[in-house]
>>> print(open('query_0.txt').read())   # compact mmCIF, C-alpha atoms and all ligand atoms
# COMPACT_ATOMS: atom_id res chain seq x y z
CA MET A 1425 -3.30 -15.73 9.88
CA LYS A 1426 -0.10 -17.12 11.30
CA LEU A 1427 2.70 -17.24 8.72
CA THR A 1428 5.48 -18.09 11.17
CA GLU A 1429 5.63 -18.15 14.97
CA ASN A 1430 6.39 -14.40 14.87
CA ILE A 1431 4.88 -13.07 11.65
CA HIS A 1432 1.10 -12.86 11.25
CA LEU A 1433 -1.05 -11.40 8.48
CA LEU A 1434 -4.36 -9.76 9.38
CA ARG A 1435 -7.00 -8.98 6.77
CA LEU A 1436 -9.00 -5.82 7.50
CA ASP A 1437 -12.27 -5.34 5.63
CA PHE A 1438 -13.66 -1.94 4.77
CA LYS A 1439 -16.24 -0.24 2.58
CA ILE A 1440 -16.06 2.79 0.30
CA ASN A 1441 -19.19 4.77 -0.51
CA LEU A 1442 -18.69 5.86 -4.11
CA ASN A 1443 -22.02 7.64 -4.10
CA SER A 1444 -25.42 7.17 -2.48
CA TYR A 1445 -26.18 3.97 -4.39
CA LYS A 1446 -22.79 2.36 -4.93
CA ILE A 1447 -20.70 0.87 -2.14
CA ILE A 1448 -17.50 -1.08 -2.82
CA GLU A 1449 -16.30 -3.71 -0.38
CA ARG A 1450 -12.53 -4.00 -0.13
CA PHE A 1451 -9.89 -5.24 2.25
CA VAL A 1452 -6.31 -4.42 3.11
CA ASN A 1453 -3.71 -6.52 4.91
CA CYS A 1454 -1.60 -5.49 7.84
CA ILE A 1455 1.24 -7.46 9.38
CA ILE A 1456 1.74 -8.08 13.07
CA VAL A 1457 5.20 -9.11 14.19
CA PHE A 1458 5.22 -10.74 17.62
CA GLY A 1459 8.73 -10.34 18.93
CA LYS A 1460 10.18 -9.17 22.22
CA LYS A 1461 7.71 -6.34 21.65
CA ILE A 1462 5.04 -6.05 18.94
CA THR A 1463 5.67 -4.34 15.60
CA LEU A 1464 2.81 -3.45 13.25
CA ILE A 1465 3.30 -2.94 9.55
CA ASP A 1466 0.41 -0.77 8.32
CA THR A 1467 -2.79 -0.14 10.24
CA GLY A 1468 -5.68 -0.46 7.76
CA THR A 1469 -8.35 2.19 7.40
CA LYS A 1470 -9.82 4.24 10.22
CA ASP A 1471 -11.72 2.13 12.76
CA SER A 1472 -9.37 -0.85 12.28
CA ALA A 1473 -7.66 -0.47 15.66
CA ALA A 1474 -10.25 -2.61 17.50
CA ASN A 1475 -9.73 -5.53 15.08
CA ILE A 1476 -5.96 -5.28 15.42
CA PHE A 1477 -6.16 -5.12 19.23
CA ASP A 1478 -8.57 -8.05 19.26
CA TYR A 1479 -6.20 -10.16 17.16
CA ILE A 1480 -3.29 -9.35 19.46
CA ASN A 1481 -5.30 -10.23 22.58
CA LYS A 1482 -6.48 -13.51 21.04
CA ASN A 1483 -2.84 -14.42 20.53
CA GLY A 1484 -2.19 -14.00 24.23
CA ARG A 1485 -0.36 -10.69 24.03
CA ASP A 1486 -1.13 -7.26 25.39
CA ILE A 1487 -1.64 -4.20 23.16
CA ALA A 1488 0.62 -2.28 25.56
CA GLU A 1489 3.44 -4.31 24.00
CA ILE A 1490 2.99 -2.53 20.66
CA GLU A 1491 6.24 -0.60 20.39
CA THR A 1492 6.46 0.31 16.72
CA ILE A 1493 4.26 0.99 13.70
CA ILE A 1494 5.97 0.92 10.32
CA LEU A 1495 3.91 2.56 7.57
CA SER A 1496 4.55 1.19 4.08
CA HIS A 1497 3.32 4.51 2.68
CA SER A 1498 0.98 7.39 3.37
CA HIS A 1499 -2.30 6.31 1.74
CA PRO A 1500 -5.35 6.32 4.02
CA ASP A 1501 -6.01 2.55 3.84
CA HIS A 1502 -2.55 1.95 5.35
CA ILE A 1503 -2.26 4.76 7.90
CA GLY A 1504 -5.97 4.95 8.84
CA SER A 1505 -5.67 3.67 12.41
CA ALA A 1506 -2.11 4.76 13.15
CA ALA A 1507 -3.15 7.84 15.15
CA GLU A 1508 -5.66 5.85 17.21
CA ILE A 1509 -3.18 3.06 17.96
CA GLN A 1510 -0.47 5.54 18.89
CA LYS A 1511 -2.88 7.41 21.17
CA THR A 1512 -3.85 4.18 22.94
CA THR A 1513 -0.42 2.56 23.24
CA GLY A 1514 2.11 5.40 22.97
CA CYS A 1515 4.02 3.50 20.26
CA ARG A 1516 6.43 5.14 17.83
CA ILE A 1517 5.69 5.58 14.12
CA LEU A 1518 8.24 5.02 11.37
CA ALA A 1519 7.99 5.79 7.64
CA HIS A 1520 10.11 6.86 4.68
CA LYS A 1521 10.94 10.57 4.49
CA ASN A 1522 9.14 10.99 1.15
CA GLU A 1523 5.82 10.04 2.79
CA ARG A 1524 6.15 12.42 5.70
CA SER A 1525 4.20 15.38 4.34
CA TRP A 1526 1.06 13.32 3.53
CA ILE A 1527 1.14 11.31 6.79
CA GLU A 1528 1.56 14.42 8.89
CA ASN A 1529 -0.98 16.44 6.90
CA ILE A 1530 -3.93 14.33 5.82
CA GLU A 1531 -5.80 17.40 4.55
CA ALA A 1532 -2.97 18.16 2.13
CA GLN A 1533 -3.07 14.56 0.92
CA MET A 1534 -6.85 14.81 0.43
CA ASN A 1535 -6.41 17.96 -1.65
CA GLU A 1536 -3.52 16.61 -3.72
CA ARG A 1537 -4.76 13.02 -4.13
CA PRO A 1538 -8.55 12.99 -3.79
CA VAL A 1539 -9.12 9.29 -4.57
CA PRO A 1540 -12.73 8.05 -4.47
CA GLY A 1541 -13.91 7.43 -0.89
CA PHE A 1542 -10.93 9.16 0.76
CA LEU A 1543 -12.95 10.52 3.67
CA ASP A 1544 -14.59 7.13 4.33
CA ILE A 1545 -11.27 5.56 5.23
CA ALA A 1546 -8.96 8.37 6.38
CA ASP A 1547 -8.73 9.39 10.02
CA ARG A 1548 -6.29 11.96 11.37
CA SER A 1549 -2.80 13.13 10.56
CA VAL A 1550 -0.13 11.57 12.73
CA ARG A 1551 3.45 12.59 13.46
CA ILE A 1552 6.32 10.38 12.32
CA ASP A 1553 8.82 9.73 15.12
CA LYS A 1554 11.63 8.34 12.99
CA LEU A 1555 12.38 8.30 9.26
CA LEU A 1556 13.37 5.10 7.48
CA ASP A 1557 16.11 4.67 4.90
CA HIS A 1558 16.64 2.09 2.19
CA GLY A 1559 18.69 -0.81 3.54
CA GLN A 1560 17.94 -0.10 7.19
CA VAL A 1561 17.40 -3.17 9.37
CA ILE A 1562 15.10 -3.28 12.40
CA GLU A 1563 15.44 -6.16 14.84
CA ALA A 1564 12.01 -7.35 16.04
CA ASP A 1565 13.29 -10.41 17.87
CA GLU A 1566 16.18 -12.84 17.89
CA ASN A 1567 16.25 -14.12 14.30
CA VAL A 1568 13.43 -11.83 13.15
CA SER A 1569 14.71 -8.78 11.34
CA LEU A 1570 12.95 -6.36 9.04
CA LYS A 1571 14.92 -4.94 6.14
CA ILE A 1572 13.59 -1.75 4.56
CA ILE A 1573 13.59 -1.59 0.75
CA HIS A 1574 12.68 1.73 -0.90
CA SER A 1575 10.27 0.91 -3.72
CA PRO A 1576 9.05 4.17 -5.31
CA GLY A 1577 6.44 4.44 -8.05
CA HIS A 1578 3.12 3.78 -6.35
CA SER A 1579 4.13 6.68 -4.12
CA LYS A 1580 7.44 8.51 -3.72
CA GLY A 1581 8.35 6.92 -0.41
CA SER A 1582 6.72 3.48 -0.66
CA ILE A 1583 8.74 0.84 1.15
CA ASN A 1584 8.77 -2.94 1.02
CA ILE A 1585 9.80 -5.02 4.01
CA LEU A 1586 11.91 -8.13 3.75
CA PHE A 1587 12.11 -10.71 6.54
CA PRO A 1588 15.41 -12.29 5.46
CA GLU A 1589 15.44 -15.18 7.96
CA ASP A 1590 11.98 -16.37 6.87
CA ARG A 1591 12.38 -15.36 3.21
CA ILE A 1592 9.15 -13.32 3.30
CA LEU A 1593 8.68 -10.07 1.37
CA PHE A 1594 5.82 -7.61 1.98
CA THR A 1595 5.32 -5.29 -0.97
CA ALA A 1596 2.19 -3.35 0.14
CA ASP A 1597 0.84 -1.57 -2.98
CA SER A 1598 4.05 -1.74 -5.05
CA ILE A 1599 2.72 -4.42 -7.42
CA PRO A 1600 -0.38 -3.09 -9.20
CA VAL A 1601 -3.25 -5.57 -9.23
CA LYS A 1602 -4.75 -6.19 -12.66
CA ASN A 1603 -7.68 -3.85 -13.39
CA ASP A 1604 -7.35 -2.04 -10.05
CA ILE A 1605 -7.60 1.75 -10.08
CA PRO A 1606 -4.45 3.05 -11.86
CA VAL A 1607 -3.16 5.61 -9.39
CA TYR A 1608 0.58 5.91 -9.12
CA ASP A 1609 3.05 8.68 -8.49
CA ASN A 1610 5.42 7.78 -11.33
CA PHE A 1611 4.86 5.12 -13.97
CA TYR A 1612 8.56 4.63 -14.77
CA ASP A 1613 9.57 4.27 -11.12
CA LEU A 1614 6.68 1.83 -10.69
CA MET A 1615 7.93 -0.32 -13.57
CA ASN A 1616 11.47 -0.21 -12.23
CA SER A 1617 10.38 -1.19 -8.71
CA LEU A 1618 8.28 -4.01 -10.12
CA HIS A 1619 11.34 -5.34 -11.94
CA CYS A 1620 13.42 -5.10 -8.73
CA ILE A 1621 10.80 -7.03 -6.74
CA ARG A 1622 10.43 -9.67 -9.41
CA THR A 1623 14.15 -10.32 -9.64
CA ASN A 1624 14.87 -10.15 -5.91
CA PRO A 1625 16.19 -13.62 -5.00
CA ASP A 1626 15.75 -13.19 -1.23
CA TYR A 1627 12.14 -14.28 -0.74
CA ALA A 1628 9.95 -17.35 -1.22
CA ILE A 1629 6.68 -15.96 0.20
CA LEU A 1630 5.20 -12.80 -1.28
CA LEU A 1631 2.80 -10.70 0.80
CA THR A 1632 0.91 -7.75 -0.60
CA SER A 1633 -1.80 -5.50 0.80
CA TRP A 1634 -4.44 -7.04 -1.46
CA THR A 1635 -3.81 -10.75 -1.85
CA PRO A 1636 -3.64 -13.83 0.30
CA PRO A 1637 0.00 -14.85 0.88
CA LEU A 1638 1.55 -16.10 -2.36
CA THR A 1639 3.79 -19.11 -1.75
CA ASP A 1640 3.80 -21.01 -5.01
CA ARG A 1641 6.44 -19.78 -7.49
CA GLU A 1642 4.15 -20.34 -10.46
CA GLU A 1643 1.39 -18.39 -8.75
CA ILE A 1644 3.84 -15.57 -7.99
CA GLU A 1645 5.01 -15.47 -11.62
CA LYS A 1646 1.39 -15.34 -12.80
CA PHE A 1647 0.74 -12.42 -10.47
CA PHE A 1648 3.74 -10.51 -11.89
CA ASN A 1649 2.73 -11.34 -15.47
CA GLU A 1650 -0.78 -10.01 -14.90
CA SER A 1651 0.54 -6.86 -13.29
CA GLU A 1652 3.08 -6.20 -16.05
CA GLY A 1653 0.49 -7.00 -18.73
CA TYR A 1654 -1.92 -4.50 -17.17
CA LEU A 1655 0.75 -1.79 -16.98
CA LYS A 1656 1.79 -2.43 -20.58
CA ALA A 1657 -1.84 -2.18 -21.78
CA LEU A 1658 -2.24 1.05 -19.79
CA ASP A 1659 0.96 2.50 -21.22
CA GLU A 1660 0.10 1.67 -24.84
CA THR A 1661 -3.46 2.97 -24.50
CA VAL A 1662 -2.42 6.15 -22.70
CA LYS A 1663 0.26 6.91 -25.29
CA SER A 1664 -2.20 6.39 -28.15
CA ILE A 1665 -4.86 8.65 -26.61
CA TYR A 1666 -3.00 11.44 -24.78
CA ILE A 1667 -2.07 13.32 -27.94
CA GLY A 1668 -2.40 17.07 -28.45
CA GLU A 1669 -4.94 19.19 -26.58
CA GLU A 1670 -8.11 17.99 -24.88
CA SER A 1671 -11.38 19.72 -25.78
CA GLU A 1672 -12.80 19.06 -22.31
CA ALA A 1673 -11.32 18.12 -18.93
CA LEU A 1674 -10.67 14.37 -18.39
CA GLU A 1675 -11.54 13.62 -22.02
CA PHE A 1676 -8.38 11.53 -22.58
CA CYS A 1677 -8.66 9.83 -19.19
CA LYS A 1678 -12.23 8.78 -19.99
CA LYS A 1679 -11.19 7.38 -23.38
CA VAL A 1680 -8.43 5.26 -21.81
CA ILE A 1681 -10.76 3.89 -19.13
CA LEU A 1682 -13.49 3.10 -21.70
CA THR A 1683 -11.01 1.52 -24.14
CA LEU A 1684 -9.72 -0.83 -21.43
CA GLY A 1685 -13.23 -1.60 -20.14
CA LEU A 1686 -12.43 -0.34 -16.63
CA PRO A 1687 -15.07 1.00 -14.18
CA ASP A 1688 -16.23 4.52 -15.01
CA PHE A 1689 -15.47 5.88 -11.53
CA TYR A 1690 -11.77 5.54 -12.44
CA VAL A 1691 -12.26 8.67 -14.56
CA ASN A 1692 -10.98 11.29 -12.13
CA PRO A 1693 -8.18 13.85 -11.75
CA VAL A 1694 -5.88 11.50 -9.78
CA VAL A 1695 -5.92 8.84 -12.51
CA ASP A 1696 -5.55 11.57 -15.15
CA LYS A 1697 -2.45 12.84 -13.37
CA ALA A 1698 -0.97 9.32 -13.27
CA PHE A 1699 -1.64 8.91 -17.00
CA LYS A 1700 -0.05 12.28 -17.84
CA GLY A 1701 3.15 10.96 -16.24
CA HIS A 1702 3.50 8.41 -19.08
CA ARG A 1703 4.58 11.30 -21.34
CA ARG A 1704 8.17 11.84 -20.28
ZN ZN A 1801 -1.38 2.97 -1.79
>>> encode(input="query_0.txt", output="structure tokens", more="lines below")
Ligand SMILES: [Zn+2]
Amino acid sequence: MKLTENIHLLRLDFKINLNSYKIIERFVNCIIVFGKKITLIDTGTKDSAANIFDYINKNGRDIAEIETIILSHSHPDHIGSAAEIQKTTGCRILAHKNERSWIENIEAQMNERPVPGFLDIADRSVRIDKLLDHGQVIEADENVSLKIIHSPGHSKGSINILFPEDRILFTADSIPVKNDIPVYDNFYDLMNSLHCIRTNPDYAILLTSWTPPLTDREEIEKFFNESEGYLKALDETVKSIYIGEESEALEFCKKVILTLGLPDFYVNPVVDKAFKGHRR
């Protein structure tokens, strides 16, 4: 989908096998910036490279022009095809320093954050060529710059990318989607980043990894309200249930998920760890 002459959004579909009888269909967005060279922001899950290459070719450009991949964060649905694309094109890979260990060691990420379906969507580890800092600006073309905004909470080194000239902001996974699996690194950082995004006056179009582009201010406000409402409900429920000692593992996590009517596969150690972070 063409957002401006230079900035395109590509939806990448994928499936997660929860178990032998349950498959979830999902999608994740990546951004393709057609400038003097081509810059990719995120790369979908593994096996997404062909779709990305196809989109680039259909727009009359050559995949050899891919110079840079910027990874919003380390999770497998964002870095899945980075290694493949780098191998094919020789491009450089950029990410925030706090994401380095999980991008460069996918096995460690799998052990420390075993989200459902991890191995369905993760590919290989890949080396970061250059670390990104908050406030850094990357020039993709004349009048197309990418400003890096550190937005921790979902993960320690999550970044958002602002296109100041076009007033477009890409927030990746920084804004939790209502009723989506509650996995975050730090609840309080997440709330703070959400507030920063909401009050940032520099954008008119909001892009996330999970939604079509949001252009209408009312629609954007509704999206924030739903996200904040979901986080508030999670916080209140977690604080009312995570009291004292558990008699069995994941007992509190299960109670929170049941109380909020969320899918039972959310009951797992990664969600439990996120919930435990609500107790400062
Ligand atoms: Zn993520």
>>> residues_near_ligand(input="query_0.txt", ligand="ligand ZN 1801 (chain A)", cutoff="10 Å", atoms="all atoms listed in the file", output="list in words")
Ser1496, His1497, Ser1498, His1499, Pro1500, Asp1501, His1502, Ile1503, His1578, Ser1579, Ser1582, Ala1596, Asp1597, Ser1598, Pro1600, Val1607, Tyr1608, Asp1609 and Ser1633 of chain A
>>> closest_residue(input="query_0.txt", among="A:Ala1628, A:Gly1701, A:Phe1594, A:Pro1687", to="Lys1663 of chain A", atoms="all atoms listed in the file")
A:Gly1701
>>> residues_around(input="query_0.txt", residues="Ile1530 of chain A", least_positions_apart="3", cutoff="8 Å", atoms="only C-alpha atoms", output="PyMOL selection string")
chain A and resi 1526-1527+1533-1534+1546+1548-1549
>>> residues_around(input="query_0.txt", residues="Ile1455 of chain A", least_positions_apart="5", cutoff="9 Å", atoms="only C-alpha atoms", output="list in words")
Ile1431, His1432, Leu1433, Leu1434, Arg1435, Thr1463, Leu1464, Ile1465, Asp1466, Thr1467 and Phe1594 of chain A
>>> write_last_selection(input="query_0.txt", atoms="C-alpha atoms", output="mmCIF file, keeping the file's coordinate frame")
data_model
loop_
_atom_site.group_PDB
_atom_site.id
_atom_site.type_symbol
_atom_site.label_atom_id
_atom_site.label_comp_id
_atom_site.auth_asym_id
_atom_site.auth_seq_id
_atom_site.Cartn_x
_atom_site.Cartn_y
_atom_site.Cartn_z
ATOM 1 C CA ILE A 1431 4.880 -13.070 11.650
ATOM 2 C CA HIS A 1432 1.100 -12.860 11.250
ATOM 3 C CA LEU A 1433 -1.050 -11.400 8.480
ATOM 4 C CA LEU A 1434 -4.360 -9.760 9.380
ATOM 5 C CA ARG A 1435 -7.000 -8.980 6.770
ATOM 6 C CA THR A 1463 5.670 -4.340 15.600
ATOM 7 C CA LEU A 1464 2.810 -3.450 13.250
ATOM 8 C CA ILE A 1465 3.300 -2.940 9.550
ATOM 9 C CA ASP A 1466 0.410 -0.770 8.320
ATOM 10 C CA THR A 1467 -2.790 -0.140 10.240
ATOM 11 C CA PHE A 1594 5.820 -7.610 1.980
#
>>> residues_around(input="query_0.txt", residues="Gln1560 of chain A", least_positions_apart="3", cutoff="10 Å", atoms="all atoms listed in the file", output="list in words")
Leu1556, Asp1557, Leu1570, Lys1571, Ile1572, Ile1573 and His1574 of chain A
>>> closest_residue(input="query_0.txt", among="A:Val1695, A:Ile1562, A:Val1662, A:Leu1618", to="Pro1576 of chain A", atoms="all atoms listed in the file")
A:Leu1618
>>> atom_distance(input="query_0.txt", atom1="atom CA of Arg1516 of chain A", atom2="atom CA of Val1550 of chain A")
10.5 Å
>>> closest_residue(input="query_0.txt", among="A:Pro1693, A:Gly1577, A:Gly1653, A:Pro1588", to="Tyr1627 of chain A", atoms="only C-alpha atoms")
A:Pro1588
>>> closest_residue(input="query_0.txt", among="A:His1702, A:Thr1639, A:Lys1697, A:Asn1483", to="Glu1660 of chain A", atoms="all atoms listed in the file")
A:His1702
>>> atom_distance(input="query_0.txt", atom1="atom CA of Asp1696 of chain A", atom2="atom CA of Cys1677 of chain A")
5.4 Å
>>> closest_residue(input="query_0.txt", among="A:Leu1630, A:Thr1623, A:Leu1674, A:Ser1505", to="Phe1477 of chain A", atoms="all atoms listed in the file")
A:Ser1505
>>> closest_residue(input="query_0.txt", among="A:Phe1438, A:Tyr1479, A:Tyr1445, A:Phe1676", to="Gly1504 of chain A", atoms="all atoms listed in the file")
A:Phe1438
>>> axis_aligned_box(input="query_0.txt", around="segment 1439-1443 of chain A", padding_each_side="5 Å", output="AutoDock Vina command-line options")
--center_x -19.0 --center_y 3.7 --center_z -0.8 --size_x 16.0 --size_y 17.9 --size_z 16.7
>>> atom_distance(input="query_0.txt", atom1="atom CA of Thr1661 of chain A", atom2="atom CA of Phe1699 of chain A")
9.7 Å
>>> build_atoms(input="query_0.txt", residues="segment 1553-1573 of chain A", atoms="N, CA and C atoms", output="mmCIF file, in the frame of the given file")
data_model
loop_
_atom_site.group_PDB
_atom_site.id
_atom_site.type_symbol
_atom_site.label_atom_id
_atom_site.label_comp_id
_atom_site.auth_asym_id
_atom_site.auth_seq_id
_atom_site.Cartn_x
_atom_site.Cartn_y
_atom_site.Cartn_z
ATOM 1 N N ASP A 1553 7.795 9.586 14.089
ATOM 2 C CA ASP A 1553 8.820 9.730 15.120
ATOM 3 C C ASP A 1553 10.226 9.505 14.568
ATOM 4 N N LYS A 1554 10.309 8.657 13.512
ATOM 5 C CA LYS A 1554 11.630 8.340 12.990
ATOM 6 C C LYS A 1554 11.494 8.014 11.504
ATOM 7 N N LEU A 1555 12.429 8.542 10.707
ATOM 8 C CA LEU A 1555 12.380 8.300 9.260
ATOM 9 C C LEU A 1555 13.187 7.057 8.905
ATOM 10 N N LEU A 1556 12.713 6.341 7.902
ATOM 11 C CA LEU A 1556 13.370 5.100 7.480
ATOM 12 C C LEU A 1556 14.157 5.321 6.201
ATOM 13 N N ASP A 1557 15.267 4.604 6.094
ATOM 14 C CA ASP A 1557 16.110 4.670 4.900
ATOM 15 C C ASP A 1557 16.172 3.312 4.225
ATOM 16 N N HIS A 1558 16.418 3.328 2.934
ATOM 17 C CA HIS A 1558 16.640 2.090 2.190
ATOM 18 C C HIS A 1558 17.814 1.308 2.796
ATOM 19 N N GLY A 1559 17.615 0.027 3.023
ATOM 20 C CA GLY A 1559 18.690 -0.810 3.540
ATOM 21 C C GLY A 1559 18.729 -0.929 5.050
ATOM 22 N N GLN A 1560 17.960 -0.081 5.722
ATOM 23 C CA GLN A 1560 17.940 -0.100 7.190
ATOM 24 C C GLN A 1560 17.345 -1.415 7.704
ATOM 25 N N VAL A 1561 17.891 -1.913 8.798
ATOM 26 C CA VAL A 1561 17.400 -3.170 9.370
ATOM 27 C C VAL A 1561 16.892 -2.917 10.785
ATOM 28 N N ILE A 1562 15.695 -3.411 11.066
ATOM 29 C CA ILE A 1562 15.100 -3.280 12.400
ATOM 30 C C ILE A 1562 14.986 -4.675 12.997
ATOM 31 N N GLU A 1563 15.511 -4.845 14.199
ATOM 32 C CA GLU A 1563 15.440 -6.160 14.840
ATOM 33 C C GLU A 1563 14.165 -6.250 15.666
ATOM 34 N N ALA A 1564 13.267 -7.191 15.296
ATOM 35 C CA ALA A 1564 12.010 -7.350 16.040
ATOM 36 C C ALA A 1564 12.164 -8.399 17.131
ATOM 37 N N ASP A 1565 13.057 -9.337 16.908
ATOM 38 C CA ASP A 1565 13.290 -10.410 17.870
ATOM 39 C C ASP A 1565 14.593 -11.088 17.449
ATOM 40 N N GLU A 1566 15.036 -12.035 18.290
ATOM 41 C CA GLU A 1566 16.180 -12.840 17.890
ATOM 42 C C GLU A 1566 15.786 -13.581 16.615
ATOM 43 N N ASN A 1567 16.549 -13.455 15.573
ATOM 44 C CA ASN A 1567 16.250 -14.120 14.300
ATOM 45 C C ASN A 1567 15.000 -13.627 13.575
ATOM 46 N N VAL A 1568 14.510 -12.452 13.938
ATOM 47 C CA VAL A 1568 13.430 -11.830 13.150
ATOM 48 C C VAL A 1568 13.815 -10.386 12.877
ATOM 49 N N SER A 1569 14.363 -10.155 11.682
ATOM 50 C CA SER A 1569 14.710 -8.780 11.340
ATOM 51 C C SER A 1569 13.876 -8.310 10.161
ATOM 52 N N LEU A 1570 13.745 -6.986 10.089
ATOM 53 C CA LEU A 1570 12.950 -6.360 9.040
ATOM 54 C C LEU A 1570 13.875 -5.443 8.245
ATOM 55 N N LYS A 1571 14.040 -5.764 6.974
ATOM 56 C CA LYS A 1571 14.920 -4.940 6.140
ATOM 57 C C LYS A 1571 14.055 -4.029 5.259
ATOM 58 N N ILE A 1572 14.374 -2.746 5.294
ATOM 59 C CA ILE A 1572 13.590 -1.750 4.560
ATOM 60 C C ILE A 1572 14.121 -1.617 3.127
ATOM 61 N N ILE A 1573 13.222 -1.741 2.166
ATOM 62 C CA ILE A 1573 13.590 -1.590 0.750
ATOM 63 C C ILE A 1573 12.746 -0.451 0.156
#
